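Note sheet for the following structure.
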Amino acid sequence: MKRRTLWTTVLIGPLALYGCGSAAGPDSSEGGGEGTLVVWDWKSGDATAESYIEQAKADFAEKHPDVEVEFVAQPFDQYYNLLGTAIQSGEGPDVMLFNGGGQLRDRADALLPLEDYLAEDMDRLAGWEAFSADGHVYAAPVTLQGHPIYYNKTLYEEAGLDPESPAATWNDFLDDCTTITDATDAKCFAMGNKEGYGIQFFLSGLGSGVLTPQEYDDWIAGNRDWTSPGVKQVFEMWVEAEQDGLNNDGVNSTAMFNDEFAIFEAGEAAHVIGLMSDVGHWKEFNDFLDAENVGVMPAPLVNPEAAPSLPYDGGIGYGVAEWTADPELAADLVRSLTSPAALEAFYADAGAIAADTTIDASDSGPAAAEIVDQIPTGRPALHVALSAETLELMGRLSQELLSGSVTVDDALSQLAESDQAA
Amino acid sequence: MPIASSPTPVRTAPGLRTGGPPVPRSRAGTRRGVRPLSERLAPYILVAPAVLIIAVFRLYPLVLGVNFSFTGDGDRNGQTVGWDNYAILFADPLFRESMRNVGLLVLLLPVAVAIPGLLATFIYLRVPGHRVYRSVYFFPAVLSPVIIGAIFNLLLAFDGPVNTLLAIVGLGPVDWLGDPDVAIFAVVGVHIWATFGMALVVFLAGFATLDASLIDAARVDGASLPKVIRHVIVPGLSRTIQFVVVTTMIGMLTSMFGLVYVMTGGGPEGSTYLPEYYIWFQQGQMSRPALASAASTVLFFVMLGVGLLQLGILRRSGRED
């Protein structure tokens, strides 16, 4: 009996200390050792990024010949899990790659504010908003990521439409889709929402044609009215597109990466809301459909007061860990990773729209040229302004909207609640 | 049964000793009184490595995890938040869905056990081609869940071969992985397909211990196949069946992550969430480690409950022998 009491005390005793310490670990520790900087990313292992890394390393070696830089390429699907573990233990890389938006903002606590170190690059590079939080800049943009509407000019021609003047209004766009589907059997949109990303691209890709410039700015600034007629209309369009047969079959079981893009590349759908860099973008489509057959169109106008613009943000960027031993040294490496020569190499080999606005993109086909033309008037994408929790909920609700198990009003009120809590 | 036979040699040992030269009573008493310290400590030192390993690598992390589940995430990192995480957890429809799915797995357990059991019975009864089936059935067990998931992603795609076959026989397409009412059954079905080979082997081993003359006798008496299975095979295999039930249950609760990750990613509409996927999602994707700790703690107690229940069943069946 006594022994049992002893064991119970041993087992239960520590529980009395419940709620001590923290699940996210201590606040400070060091990264790489003396004279070494460790970089984590998911790019440096790619063959297409090789010349970019070489250029950046060379640029850095000129400034700091004694410092060794070690690139550790992590698998992307595990990247934020591994990074989360590193942040929890307070040890890990000195410099790390981030996707702009929520993924960075959620981890801003573990990052060093960089605006003082990067002041000289502010004008040359675009896309800083996605790497800023609470008035501080936490990473320097390498690529721009956005959501242009790509269309297949061959299908337009086959349907007897002028491929050089796509529809400017939503009603004309729907008419064109009907014409294309009747003539070629191709669907209007290639759409994949298995991961819940389809709605994000839909919202950002078409949102600038629905919301007025004022509503758009308010949304980005954080004053989001989820019950406004404009926002409601985007979500109603999401449901109607499915009900009217604009999408390919099985949207909720089609993965955006890469089944959705494969549908567009196979010519089975006339439009896709894609990306600007990395995957599902102009370079990939050019390979399948030939550069001259890939077009980019502005969002069709739904509301006459709206002003369609290219939705884009900083795509990926390098930030500095708060625990690094020498912040200035690490910030210098970030500057090398965003140097003009390195970004030029990244644009040319990886097919990314680089954050450097001085790079000439005219030789990469009409789609890339059109995107680069629209960058000066572009605005941040609507979905990037949302928190990771709200995006996750929006993905789930968008699937329920397609299957009809939730109404648009109900979905919007849940989203408003989640958005306010975040 | 080793436990039943062990008392015999133990009992003979004192008997042998009494047969030897008598030891003076007083001397034995003093020796017990002044047993050297090293001898008294020996048992503790011998078990220390095992106890330390369990304490440091099992109990300590467990206690730490429970501890973290009472702290906050994000801005409240490191602060004590009481039961807040558990309140968030049980208010979260995703977590409730994952718990409902655990219940569904328990309900589907008989199916997962019956399939390898029936197939093993057919092999044991030497249906034509039984040698081929024996290896074919085991084959999926050597594939990794990621490969299996990728294969079934292709097969079960909306425009995939399964729906094409259904269309040939005039049935409408089923969105296997996109319909929230169907997806969880598709994933569990694939899991059963992928793992029943191991249970089948266990069943075949159980059949090896079955007395063939009982089946022959039943057949001579004119028993039909269902009756032979019901009254001869099932009672004869009761211990094997219990073992398979326990291992299949553990397998379903702890090793479906890979399939869920590859096939559905928890979707559609969160309908295929399981607790381990939820834990991974909150910790890695949402960077909420404290909430993930709370979910882990709940999963731990669920597993503890299931484990104790199974131990009870096993112990009861041990007594029957």
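Chains: A, B, ... in order of the structure tokens. Residues: from 1 per chain. Ligands: from 1, in order shown.
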Write out as a tab-separated table (two decimals) with N, CA, C and O atoms, in the first residue's frame which residues come within 10 Å of region 50-59 of chain A when counting only C-alpha atoms, dropping same-chain ones fewer than 6 positions away.
chain	number	residue	atom	x	y	z
A	43	LYS	N	14.99	25.79	-51.38
A	43	LYS	CA	15.31	26.09	-52.77
A	43	LYS	C	16.70	25.65	-53.18
A	43	LYS	O	16.92	25.27	-54.33
A	44	SER	N	17.66	25.75	-52.23
A	44	SER	CA	19.06	25.64	-52.63
A	44	SER	C	19.40	24.26	-53.20
A	44	SER	O	20.43	24.11	-53.84
A	65	PRO	N	35.23	37.44	-46.64
A	65	PRO	CA	35.92	36.26	-47.14
A	65	PRO	C	36.13	35.18	-46.07
A	65	PRO	O	36.28	34.00	-46.39
A	68	GLU	N	32.07	31.36	-43.51
A	68	GLU	CA	31.57	30.25	-44.33
A	68	GLU	C	30.04	30.25	-44.28
A	68	GLU	O	29.45	30.49	-43.22
A	69	VAL	N	29.41	30.00	-45.41
A	69	VAL	CA	27.95	29.96	-45.45
A	69	VAL	C	27.52	28.53	-45.79
A	69	VAL	O	27.99	27.96	-46.77
A	70	GLU	N	26.64	28.00	-44.94
A	70	GLU	CA	26.18	26.63	-45.17
A	70	GLU	C	24.69	26.65	-45.49
A	70	GLU	O	23.88	27.11	-44.68
A	71	PHE	N	24.34	26.18	-46.69
A	71	PHE	CA	22.93	26.12	-47.08
A	71	PHE	C	22.37	24.74	-46.75
A	71	PHE	O	22.95	23.73	-47.15
A	332	ASP	N	23.88	41.09	-43.80
A	332	ASP	CA	24.69	41.23	-45.01
A	332	ASP	C	24.47	40.05	-45.95
A	332	ASP	O	24.45	40.22	-47.16
A	333	LEU	N	24.32	38.85	-45.36
A	333	LEU	CA	24.05	37.68	-46.19
A	333	LEU	C	22.69	37.82	-46.87
A	333	LEU	O	22.54	37.48	-48.05
A	334	VAL	N	21.72	38.35	-46.14
A	334	VAL	CA	20.40	38.58	-46.74
A	334	VAL	C	20.53	39.56	-47.91
A	334	VAL	O	19.92	39.39	-48.96
A	335	ARG	N	21.38	40.59	-47.74
A	335	ARG	CA	21.57	41.56	-48.83
A	335	ARG	C	22.20	40.89	-50.05
A	335	ARG	O	21.84	41.17	-51.19
A	336	SER	N	23.15	39.96	-49.80
A	336	SER	CA	23.77	39.24	-50.92
A	336	SER	C	22.75	38.35	-51.63
A	336	SER	O	22.78	38.18	-52.84
A	337	LEU	N	21.86	37.77	-50.83
A	337	LEU	CA	20.85	36.87	-51.40
A	337	LEU	C	19.82	37.64	-52.23
A	337	LEU	O	19.04	37.04	-52.97
A	338	THR	N	19.77	38.95	-52.07
A	338	THR	CA	18.84	39.76	-52.87
A	338	THR	C	19.62	40.74	-53.76
A	338	THR	O	19.06	41.74	-54.21
A	339	SER	N	20.90	40.45	-54.02
A	339	SER	CA	21.70	41.34	-54.86
A	339	SER	C	21.22	41.23	-56.31
A	339	SER	O	20.67	40.20	-56.72
A	340	PRO	N	21.42	42.28	-57.10
A	340	PRO	CA	20.91	42.27	-58.48
A	340	PRO	C	21.38	41.06	-59.29
A	340	PRO	O	20.57	40.44	-59.99
A	341	ALA	N	22.66	40.70	-59.19
A	341	ALA	CA	23.18	39.58	-59.99
A	341	ALA	C	22.51	38.27	-59.59
A	341	ALA	O	22.14	37.45	-60.44
A	342	ALA	N	22.32	38.06	-58.29
A	342	ALA	CA	21.70	36.82	-57.82
A	342	ALA	C	20.26	36.74	-58.30
A	342	ALA	O	19.80	35.70	-58.80
A	343	LEU	N	19.52	37.83	-58.16
A	343	LEU	CA	18.11	37.82	-58.55
A	343	LEU	C	17.94	37.65	-60.06
A	343	LEU	O	17.02	36.98	-60.52
A	344	GLU	N	18.86	38.26	-60.83
A	344	GLU	CA	18.83	38.09	-62.28
A	344	GLU	C	18.97	36.60	-62.63
A	344	GLU	O	18.25	36.07	-63.48
A	345	ALA	N	19.91	35.91	-61.93
A	345	ALA	CA	20.12	34.48	-62.17
A	345	ALA	C	18.88	33.69	-61.80
A	345	ALA	O	18.49	32.74	-62.47
A	346	PHE	N	18.22	34.08	-60.69
A	346	PHE	CA	17.04	33.34	-60.23
A	346	PHE	C	15.90	33.49	-61.23
A	346	PHE	O	15.21	32.52	-61.55
A	347	TYR	N	15.72	34.71	-61.74
A	347	TYR	CA	14.68	34.96	-62.73
A	347	TYR	C	14.94	34.12	-63.99
A	347	TYR	O	14.04	33.45	-64.51
A	348	ALA	N	16.20	34.13	-64.45
A	348	ALA	CA	16.51	33.47	-65.72
A	348	ALA	C	16.40	31.95	-65.62
A	348	ALA	O	15.86	31.31	-66.51
A	349	ASP	N	16.88	31.36	-64.51
A	349	ASP	CA	16.93	29.90	-64.42
A	349	ASP	C	15.69	29.28	-63.80
A	349	ASP	O	15.22	28.23	-64.22
A	350	ALA	N	15.16	29.90	-62.75
A	350	ALA	CA	14.04	29.28	-62.03
A	350	ALA	C	12.70	29.74	-62.59
A	350	ALA	O	11.66	29.18	-62.26
What's around region 149-154 of chain B at 6 Å? Count only C-alpha atoms, leave out sequence neighbours fewer than 6 positions away in its own chain, and write the answer as a list of chain:residue names.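 The contact residues come out as B:Leu259, B:Val262, B:Met263.
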Please report the interatomic distance between CA of Ile53 (chain B) and CA of Leu309 (chain B) in Å with one decimal.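 Between CA of Ile53 (chain B) and CA of Leu309 (chain B) the gap works out to 26.3 Å.
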Taking only C-alpha atoms into account, what are the residues of chain B at most 8 Å from chain A, put as a VMD selection string? chain B and resid 63 66 to 73 77 to 82 157 to 159 175 to 179 264 to 265 267 to 270 283 to 287 289 to 290 293
Run DSSP on the backbone of this structure and report the residues of region 154-355 of chain A it assigns to alpha helix (DSSP H), as a PyMOL selection string. chain A and resi 154-158+170-184+198-207+213-221+229-243+261-265+282-289+327-337+340-350
For Arg219 (chain B): contacts at 12 Å, only C-alpha atoms, fewer than 6 positions along chain excluded, given as a VMD selection string: chain B and resid 212 to 213 225 to 229 231 to 232
Would you write out those residues with all heavy atoms, as a PDB file, in the first residue's frame?
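Resulting contents of out_21.pdb:
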ATOM      1  N   ALA B 212      -6.761 -30.338 -36.821  1.00  0.00           N
ATOM      2  CA  ALA B 212      -7.453 -30.612 -38.082  1.00  0.00           C
ATOM      3  C   ALA B 212      -8.514 -31.699 -37.916  1.00  0.00           C
ATOM      4  O   ALA B 212      -9.521 -31.722 -38.621  1.00  0.00           O
ATOM      5  CB  ALA B 212      -6.448 -31.016 -39.147  1.00  0.00           C
ATOM      6  N   SER B 213      -8.287 -32.586 -36.944  1.00  0.00           N
ATOM      7  CA  SER B 213      -9.235 -33.682 -36.804  1.00  0.00           C
ATOM      8  C   SER B 213     -10.614 -33.181 -36.372  1.00  0.00           C
ATOM      9  O   SER B 213     -11.630 -33.786 -36.698  1.00  0.00           O
ATOM     10  CB  SER B 213      -8.693 -34.701 -35.792  1.00  0.00           C
ATOM     11  OG  SER B 213      -8.494 -34.050 -34.562  1.00  0.00           O
ATOM     12  N   LEU B 225     -20.108 -25.252 -44.326  1.00  0.00           N
ATOM     13  CA  LEU B 225     -18.931 -24.397 -44.127  1.00  0.00           C
ATOM     14  C   LEU B 225     -19.192 -23.296 -43.093  1.00  0.00           C
ATOM     15  O   LEU B 225     -18.387 -23.133 -42.177  1.00  0.00           O
ATOM     16  CB  LEU B 225     -18.486 -23.798 -45.471  1.00  0.00           C
ATOM     17  CG  LEU B 225     -17.297 -22.862 -45.377  1.00  0.00           C
ATOM     18  CD1 LEU B 225     -16.036 -23.593 -44.921  1.00  0.00           C
ATOM     19  CD2 LEU B 225     -17.045 -22.158 -46.708  1.00  0.00           C
ATOM     20  N   PRO B 226     -20.334 -22.545 -43.189  1.00  0.00           N
ATOM     21  CA  PRO B 226     -20.576 -21.519 -42.167  1.00  0.00           C
ATOM     22  C   PRO B 226     -20.603 -22.105 -40.766  1.00  0.00           C
ATOM     23  O   PRO B 226     -20.107 -21.506 -39.819  1.00  0.00           O
ATOM     24  CB  PRO B 226     -21.943 -20.941 -42.552  1.00  0.00           C
ATOM     25  CG  PRO B 226     -22.097 -21.241 -44.005  1.00  0.00           C
ATOM     26  CD  PRO B 226     -21.363 -22.529 -44.239  1.00  0.00           C
ATOM     27  N   LYS B 227     -21.166 -23.310 -40.636  1.00  0.00           N
ATOM     28  CA  LYS B 227     -21.249 -23.908 -39.299  1.00  0.00           C
ATOM     29  C   LYS B 227     -19.876 -24.333 -38.796  1.00  0.00           C
ATOM     30  O   LYS B 227     -19.583 -24.227 -37.605  1.00  0.00           O
ATOM     31  CB  LYS B 227     -22.193 -25.116 -39.321  1.00  0.00           C
ATOM     32  CG  LYS B 227     -23.631 -24.666 -39.219  1.00  0.00           C
ATOM     33  CD  LYS B 227     -24.558 -25.820 -38.949  1.00  0.00           C
ATOM     34  CE  LYS B 227     -25.958 -25.307 -38.636  1.00  0.00           C
ATOM     35  NZ  LYS B 227     -26.963 -26.350 -38.792  1.00  0.00           N
ATOM     36  N   VAL B 228     -19.022 -24.835 -39.740  1.00  0.00           N
ATOM     37  CA  VAL B 228     -17.656 -25.215 -39.344  1.00  0.00           C
ATOM     38  C   VAL B 228     -16.923 -23.967 -38.829  1.00  0.00           C
ATOM     39  O   VAL B 228     -16.273 -23.999 -37.781  1.00  0.00           O
ATOM     40  CB  VAL B 228     -16.890 -25.841 -40.538  1.00  0.00           C
ATOM     41  CG1 VAL B 228     -15.407 -26.004 -40.207  1.00  0.00           C
ATOM     42  CG2 VAL B 228     -17.502 -27.173 -40.910  1.00  0.00           C
ATOM     43  N   ILE B 229     -17.097 -22.844 -39.586  1.00  0.00           N
ATOM     44  CA  ILE B 229     -16.421 -21.612 -39.156  1.00  0.00           C
ATOM     45  C   ILE B 229     -16.946 -21.166 -37.804  1.00  0.00           C
ATOM     46  O   ILE B 229     -16.179 -20.866 -36.884  1.00  0.00           O
ATOM     47  CB  ILE B 229     -16.645 -20.493 -40.211  1.00  0.00           C
ATOM     48  CG1 ILE B 229     -15.905 -20.848 -41.513  1.00  0.00           C
ATOM     49  CG2 ILE B 229     -16.169 -19.149 -39.674  1.00  0.00           C
ATOM     50  CD1 ILE B 229     -16.123 -19.879 -42.647  1.00  0.00           C
ATOM     51  N   HIS B 231     -18.633 -22.814 -35.338  1.00  0.00           N
ATOM     52  CA  HIS B 231     -18.547 -23.656 -34.144  1.00  0.00           C
ATOM     53  C   HIS B 231     -17.203 -24.338 -33.939  1.00  0.00           C
ATOM     54  O   HIS B 231     -16.931 -24.844 -32.848  1.00  0.00           O
ATOM     55  CB  HIS B 231     -19.658 -24.719 -34.168  1.00  0.00           C
ATOM     56  CG  HIS B 231     -21.019 -24.131 -34.085  1.00  0.00           C
ATOM     57  ND1 HIS B 231     -21.517 -23.558 -32.937  1.00  0.00           N
ATOM     58  CD2 HIS B 231     -21.989 -23.991 -35.025  1.00  0.00           C
ATOM     59  CE1 HIS B 231     -22.741 -23.102 -33.161  1.00  0.00           C
ATOM     60  NE2 HIS B 231     -23.052 -23.349 -34.437  1.00  0.00           N
ATOM     61  N   VAL B 232     -16.348 -24.396 -34.995  1.00  0.00           N
ATOM     62  CA  VAL B 232     -15.056 -25.056 -34.815  1.00  0.00           C
ATOM     63  C   VAL B 232     -13.902 -24.065 -34.930  1.00  0.00           C
ATOM     64  O   VAL B 232     -13.069 -23.963 -34.025  1.00  0.00           O
ATOM     65  CB  VAL B 232     -14.871 -26.208 -35.831  1.00  0.00           C
ATOM     66  CG1 VAL B 232     -13.533 -26.908 -35.595  1.00  0.00           C
ATOM     67  CG2 VAL B 232     -16.025 -27.170 -35.751  1.00  0.00           C
TER      68      VAL B 232
END
Could you check which of A:Met256, A:Leu310, A:Val320, A:Ala354 is closest to Thr377 (chain A), using only C-alpha atoms?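 Of A:Met256, A:Leu310, A:Val320, A:Ala354, the one nearest Thr377 (chain A) is A:Leu310, counting only C-alpha atoms.
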If you run DSSP on the backbone here, which positions in region 107-206 of chain A get strand (DSSP E or B)? Please write them as a PyMOL selection string. chain A and resi 111+125+132-133+136-137+139-141+143-146+149-152+169+187-189
Could you write out that same residue set with C-alpha atoms as a tab-separated table (two decimals), in the first residue's frame?
chain	number	residue	atom	x	y	z
A	111	LEU	CA	12.86	37.15	-36.28
A	125	LEU	CA	13.08	45.68	-54.48
A	132	SER	CA	6.39	43.30	-42.74
A	133	ALA	CA	4.48	43.10	-39.47
A	136	HIS	CA	8.88	46.27	-38.95
A	137	VAL	CA	10.44	44.52	-41.94
A	139	ALA	CA	12.67	39.62	-44.46
A	140	ALA	CA	13.95	40.81	-47.84
A	141	PRO	CA	11.90	39.69	-50.88
A	143	THR	CA	10.63	36.77	-55.73
A	144	LEU	CA	7.21	38.25	-56.21
A	145	GLN	CA	4.22	36.00	-55.97
A	146	GLY	CA	0.86	36.85	-57.39
A	149	ILE	CA	-5.50	34.96	-64.70
A	150	TYR	CA	-3.84	32.93	-67.47
A	151	TYR	CA	-5.78	31.93	-70.58
A	152	ASN	CA	-5.17	29.54	-73.43
A	169	THR	CA	-16.50	42.34	-67.96
A	187	LYS	CA	-14.07	23.95	-69.27
A	188	CYS	CA	-13.89	27.63	-68.34
A	189	PHE	CA	-11.72	27.25	-65.23
Excluding region 364-371 of chain A and residues on its chain fewer than 3 positions from it, collect all residues at most 9 Å away from it, counting only C-alpha atoms, and give them as a PyMOL selection string. chain A and resi 148+150+276+282-283+286+290-297+310+348+351+353+360-361+374-375
With only C-alpha atoms as the basis for distance, which of A:His64, A:Leu402, A:Gly192, A:Ala168 is at the shortest distance from Glu242 (chain A)?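 For Glu242 (chain A), the nearest of the candidates is A:Leu402.
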Quick one: distance from CA of Leu304 (chain B) to CA of Ser238 (chain B) in Å, one decimal?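 Atom-to-atom, CA of Leu304 (chain B) and CA of Ser238 (chain B) are spaced 23.7 Å apart.
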CA of Phe207 (chain B) to CA of Leu119 (chain B), distance in Å rounded to a single decimal: 12.0 Å
Give me, as JSON, numbers by chain, all polymer residues having an atom no more than 12 Å from Met256 (chain B), counting only C-alpha atoms and skipping those fewer than 2 positions away in the same chain. {"B": [101, 102, 105, 144, 145, 146, 148, 149, 184, 187, 188, 189, 190, 191, 192, 194, 195, 248, 249, 250, 251, 252, 253, 254, 258, 259, 260, 261, 262, 263, 264, 265, 266, 272, 273, 274, 275, 276, 277]}
Which is closer to Arg379 (chain A) than all the others in A:Pro213, A:Gly160, A:Gly280, A:Pro311, using only C-alpha atoms?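 Result for the nearest residue to Arg379 (chain A): A:Pro311.
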Closest to Glu268 (chain A) among A:Ala190, A:Val384, A:Val408, A:Ala61, using only C-alpha atoms?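 Smallest distance to Glu268 (chain A) is found for A:Ala190.
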